[in-house]
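K.L.:
So that you have it, the file is query-v4.cif, and it contains mmCIF, C-alpha atoms and all ligand atoms:
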data_query
#
loop_
_atom_site.label_atom_id
_atom_site.label_comp_id
_atom_site.auth_asym_id
_atom_site.auth_seq_id
_atom_site.Cartn_x
_atom_site.Cartn_y
_atom_site.Cartn_z
CA MET A 1 233.19 -81.33 -13.38
CA THR A 2 232.67 -81.29 -9.65
CA LYS A 3 229.18 -81.72 -8.37
CA ARG A 4 227.61 -78.38 -7.62
CA LYS A 5 225.72 -77.79 -4.45
CA PRO A 6 222.04 -77.05 -4.94
CA ALA A 7 220.99 -73.47 -4.38
CA LYS A 8 219.92 -72.45 -0.91
CA VAL A 9 216.17 -71.76 -1.02
CA ILE A 10 214.48 -69.42 1.42
CA TRP A 11 210.69 -69.27 1.55
CA ARG A 12 209.47 -65.85 2.65
CA LYS A 13 206.85 -63.31 1.74
CA LEU A 14 208.28 -61.03 -0.93
CA GLY A 15 206.28 -57.84 -0.72
CA LYS A 16 208.37 -54.81 -1.39
CA GLU A 17 210.54 -56.70 -3.88
CA LYS A 18 207.45 -56.84 -6.15
CA ALA A 19 208.37 -60.34 -7.28
CA TRP A 20 207.29 -63.89 -6.52
CA GLY A 21 210.86 -65.06 -6.51
CA GLN A 22 214.37 -63.75 -6.78
CA ALA A 23 217.80 -65.20 -7.39
CA THR A 24 221.05 -63.85 -5.92
CA ILE A 25 223.74 -65.12 -8.25
CA GLY A 26 226.85 -64.57 -6.11
CA GLU A 27 225.28 -66.36 -3.17
CA ASN A 28 223.65 -69.24 -5.09
CA LEU A 29 220.45 -68.20 -3.31
CA ILE A 30 216.81 -68.41 -4.35
CA GLU A 31 214.03 -66.70 -2.42
CA ILE A 32 210.44 -67.60 -3.16
CA ASP A 33 207.10 -66.42 -1.86
CA PRO A 34 205.25 -69.25 -0.07
CA ARG A 35 201.83 -67.76 -0.93
CA LEU A 36 202.10 -69.01 -4.51
CA GLY A 37 200.05 -72.00 -5.61
CA ALA A 38 201.86 -75.31 -6.11
CA LYS A 39 202.24 -75.03 -9.88
CA ARG A 40 203.47 -71.45 -9.74
CA GLN A 41 205.93 -72.37 -6.99
CA LEU A 42 207.44 -74.97 -9.32
CA GLU A 43 207.55 -72.47 -12.17
CA VAL A 44 209.20 -69.76 -10.09
CA LEU A 45 211.72 -72.24 -8.65
CA CYS A 46 212.67 -73.34 -12.18
CA HIS A 47 212.83 -69.74 -13.33
CA GLU A 48 215.13 -68.64 -10.52
CA GLN A 49 217.40 -71.67 -10.95
CA VAL A 50 217.79 -70.85 -14.66
CA HIS A 51 218.92 -67.37 -13.61
CA LEU A 52 221.60 -68.95 -11.38
CA THR A 53 222.70 -71.51 -13.98
CA PHE A 54 222.87 -69.01 -16.85
CA PRO A 55 223.61 -65.62 -15.28
CA GLY A 56 223.82 -63.83 -18.64
CA MET A 57 220.56 -65.13 -20.07
CA SER A 58 217.90 -62.58 -20.98
CA GLU A 59 214.77 -62.35 -18.85
CA ALA A 60 212.65 -63.43 -21.84
CA ASP A 61 214.73 -66.60 -22.35
CA VAL A 62 214.77 -67.38 -18.63
CA ASP A 63 211.02 -66.98 -18.60
CA ARG A 64 210.60 -69.45 -21.48
CA ALA A 65 212.95 -72.00 -19.91
CA GLY A 66 211.29 -71.76 -16.51
CA LYS A 67 207.81 -72.17 -17.97
CA ASP A 68 208.83 -75.09 -20.20
CA LEU A 69 210.62 -76.92 -17.38
CA ALA A 70 207.76 -76.42 -14.97
CA ALA A 71 205.13 -77.47 -17.52
CA LEU A 72 207.10 -80.63 -18.33
CA LEU A 73 207.65 -81.61 -14.70
CA TRP A 74 204.04 -80.86 -13.83
CA SER A 75 202.76 -82.92 -16.79
CA GLN A 76 204.82 -85.87 -15.51
CA ASP A 77 203.17 -85.52 -12.10
CA TYR A 78 206.14 -84.10 -10.22
CA ARG A 79 204.78 -82.53 -7.05
CA ARG A 80 206.09 -81.22 -3.79
CA VAL A 81 206.05 -83.64 -0.87
CA VAL A 82 205.36 -81.77 2.35
CA LEU A 83 207.43 -83.35 5.10
CA ALA A 84 206.99 -83.17 8.85
CA PRO A 85 209.59 -80.96 10.54
CA ASN A 86 212.96 -82.78 10.80
CA ALA A 87 211.70 -85.67 8.66
CA LYS A 88 213.96 -87.05 5.98
CA PRO A 89 212.59 -87.27 2.46
CA PRO A 90 211.48 -90.79 1.50
CA ARG A 91 213.87 -92.69 -0.74
CA ILE A 92 212.21 -93.21 -4.10
CA SER A 93 214.05 -94.74 -7.03
ZN ZN B 101 213.57 -63.53 -13.88
#
Could you quickly redo this structure as structure tokens?
Ligand SMILES: [Zn+2]

P.N.:
Amino acid sequence: MTKRKPAKVIWRKLGKEKAWGQATIGENLIEIDPRLGAKRQLEVLCHEQVHLTFPGMSEADVDRAGKDLAALLWSQDYRRVVLAPNAKPPRIS
């Protein structure tokens, strides 16, 4: 299997969409509201990626998967590193 490109993620205020995140399957695109707290950001990112990976999955199953993934990652201390503009992420093994 060829390596898939990660989804493009756009951070923008989602007001009229009445959602904290949304996934556009044909475009491999995730949009997420930057006003969320750190833990909810992780949860919504996981949730939207599950939508992209399993387009036919029910909302209830996607919700479970997103919450389980986020809770696991959070419990293992995975956190967002905020980088300076144009900085490259640090290499961590
Ligand atoms: Zn959903």

K.L.:
What is the atom CA of A:Ala38 to atom CA of A:Gly26 distance in Å?

P.N.:
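These atoms are spaced 27.2 Å apart.
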
K.L.:
I'd like the box whose edges run along x, y and z of the file and which contains every listed atom of stretch 73-77 of chain A, padded by 3 Å per side; could you state its centre and edge lengths in Å, one decimal, as lines of an AutoDock Vina configuration file?

P.N.:
center_x = 205.2
center_y = -83.4
center_z = -14.4
size_x = 10.9
size_y = 11.0
size_z = 10.7

K.L.:
Can you build me a table of chain A residues sitting at most 12 Å from ligand ZN 101 (chain B), with the closest atom pair per residue and its distance in Å to one decimal, using all atoms listed in the file, sorted by chain and residue number, as JSON lines?

P.N.:
{"residue": "A:Lys18", "atom": "CA", "partner": "B:ZN101", "partner_atom": "ZN", "distance": 11.9}
{"residue": "A:Ala19", "atom": "CA", "partner": "B:ZN101", "partner_atom": "ZN", "distance": 9.0}
{"residue": "A:Trp20", "atom": "CA", "partner": "B:ZN101", "partner_atom": "ZN", "distance": 9.7}
{"residue": "A:Gly21", "atom": "CA", "partner": "B:ZN101", "partner_atom": "ZN", "distance": 8.0}
{"residue": "A:Gln22", "atom": "CA", "partner": "B:ZN101", "partner_atom": "ZN", "distance": 7.1}
{"residue": "A:Ala23", "atom": "CA", "partner": "B:ZN101", "partner_atom": "ZN", "distance": 7.9}
{"residue": "A:Thr24", "atom": "CA", "partner": "B:ZN101", "partner_atom": "ZN", "distance": 10.9}
{"residue": "A:Ile25", "atom": "CA", "partner": "B:ZN101", "partner_atom": "ZN", "distance": 11.7}
{"residue": "A:Ile30", "atom": "CA", "partner": "B:ZN101", "partner_atom": "ZN", "distance": 11.2}
{"residue": "A:Glu31", "atom": "CA", "partner": "B:ZN101", "partner_atom": "ZN", "distance": 11.9}
{"residue": "A:Ile32", "atom": "CA", "partner": "B:ZN101", "partner_atom": "ZN", "distance": 11.9}
{"residue": "A:Glu43", "atom": "CA", "partner": "B:ZN101", "partner_atom": "ZN", "distance": 10.9}
{"residue": "A:Val44", "atom": "CA", "partner": "B:ZN101", "partner_atom": "ZN", "distance": 8.5}
{"residue": "A:Leu45", "atom": "CA", "partner": "B:ZN101", "partner_atom": "ZN", "distance": 10.3}
{"residue": "A:Cys46", "atom": "CA", "partner": "B:ZN101", "partner_atom": "ZN", "distance": 10.0}
{"residue": "A:His47", "atom": "CA", "partner": "B:ZN101", "partner_atom": "ZN", "distance": 6.3}
{"residue": "A:Glu48", "atom": "CA", "partner": "B:ZN101", "partner_atom": "ZN", "distance": 6.3}
{"residue": "A:Gln49", "atom": "CA", "partner": "B:ZN101", "partner_atom": "ZN", "distance": 9.5}
{"residue": "A:Val50", "atom": "CA", "partner": "B:ZN101", "partner_atom": "ZN", "distance": 8.5}
{"residue": "A:His51", "atom": "CA", "partner": "B:ZN101", "partner_atom": "ZN", "distance": 6.6}
{"residue": "A:Leu52", "atom": "CA", "partner": "B:ZN101", "partner_atom": "ZN", "distance": 10.0}
{"residue": "A:Phe54", "atom": "CA", "partner": "B:ZN101", "partner_atom": "ZN", "distance": 11.2}
{"residue": "A:Pro55", "atom": "CA", "partner": "B:ZN101", "partner_atom": "ZN", "distance": 10.4}
{"residue": "A:Gly56", "atom": "CA", "partner": "B:ZN101", "partner_atom": "ZN", "distance": 11.3}
{"residue": "A:Met57", "atom": "CA", "partner": "B:ZN101", "partner_atom": "ZN", "distance": 9.5}
{"residue": "A:Ser58", "atom": "CA", "partner": "B:ZN101", "partner_atom": "ZN", "distance": 8.4}
{"residue": "A:Glu59", "atom": "CA", "partner": "B:ZN101", "partner_atom": "ZN", "distance": 5.2}
{"residue": "A:Ala60", "atom": "CA", "partner": "B:ZN101", "partner_atom": "ZN", "distance": 8.0}
{"residue": "A:Asp61", "atom": "CA", "partner": "B:ZN101", "partner_atom": "ZN", "distance": 9.1}
{"residue": "A:Val62", "atom": "CA", "partner": "B:ZN101", "partner_atom": "ZN", "distance": 6.2}
{"residue": "A:Asp63", "atom": "CA", "partner": "B:ZN101", "partner_atom": "ZN", "distance": 6.4}
{"residue": "A:Arg64", "atom": "CA", "partner": "B:ZN101", "partner_atom": "ZN", "distance": 10.1}
{"residue": "A:Ala65", "atom": "CA", "partner": "B:ZN101", "partner_atom": "ZN", "distance": 10.4}
{"residue": "A:Gly66", "atom": "CA", "partner": "B:ZN101", "partner_atom": "ZN", "distance": 8.9}
{"residue": "A:Lys67", "atom": "CA", "partner": "B:ZN101", "partner_atom": "ZN", "distance": 11.2}

K.L.:
Using all atoms listed in the file for the distances, tell me which of A:Lys8, A:Lys16, A:Ala70, A:Glu27 is nearest to A:Arg40.

P.N.:
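When distances to A:Arg40 are compared using all atoms listed in the file, the smallest one comes from A:Ala70.
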
K.L.:
Using atom CA of A:Val81 and atom CA of A:Glu17 as the two end points, give the distance in Å to one decimal.

P.N.:
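About the pair atom CA of A:Val81 and atom CA of A:Glu17: they are 27.5 Å apart.
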
K.L.:
How many Å separate atom CA of A:Val9 from atom CA of A:Pro85?

P.N.:
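Calculated distance between atom CA of A:Val9 and atom CA of A:Pro85 is 16.2 Å.
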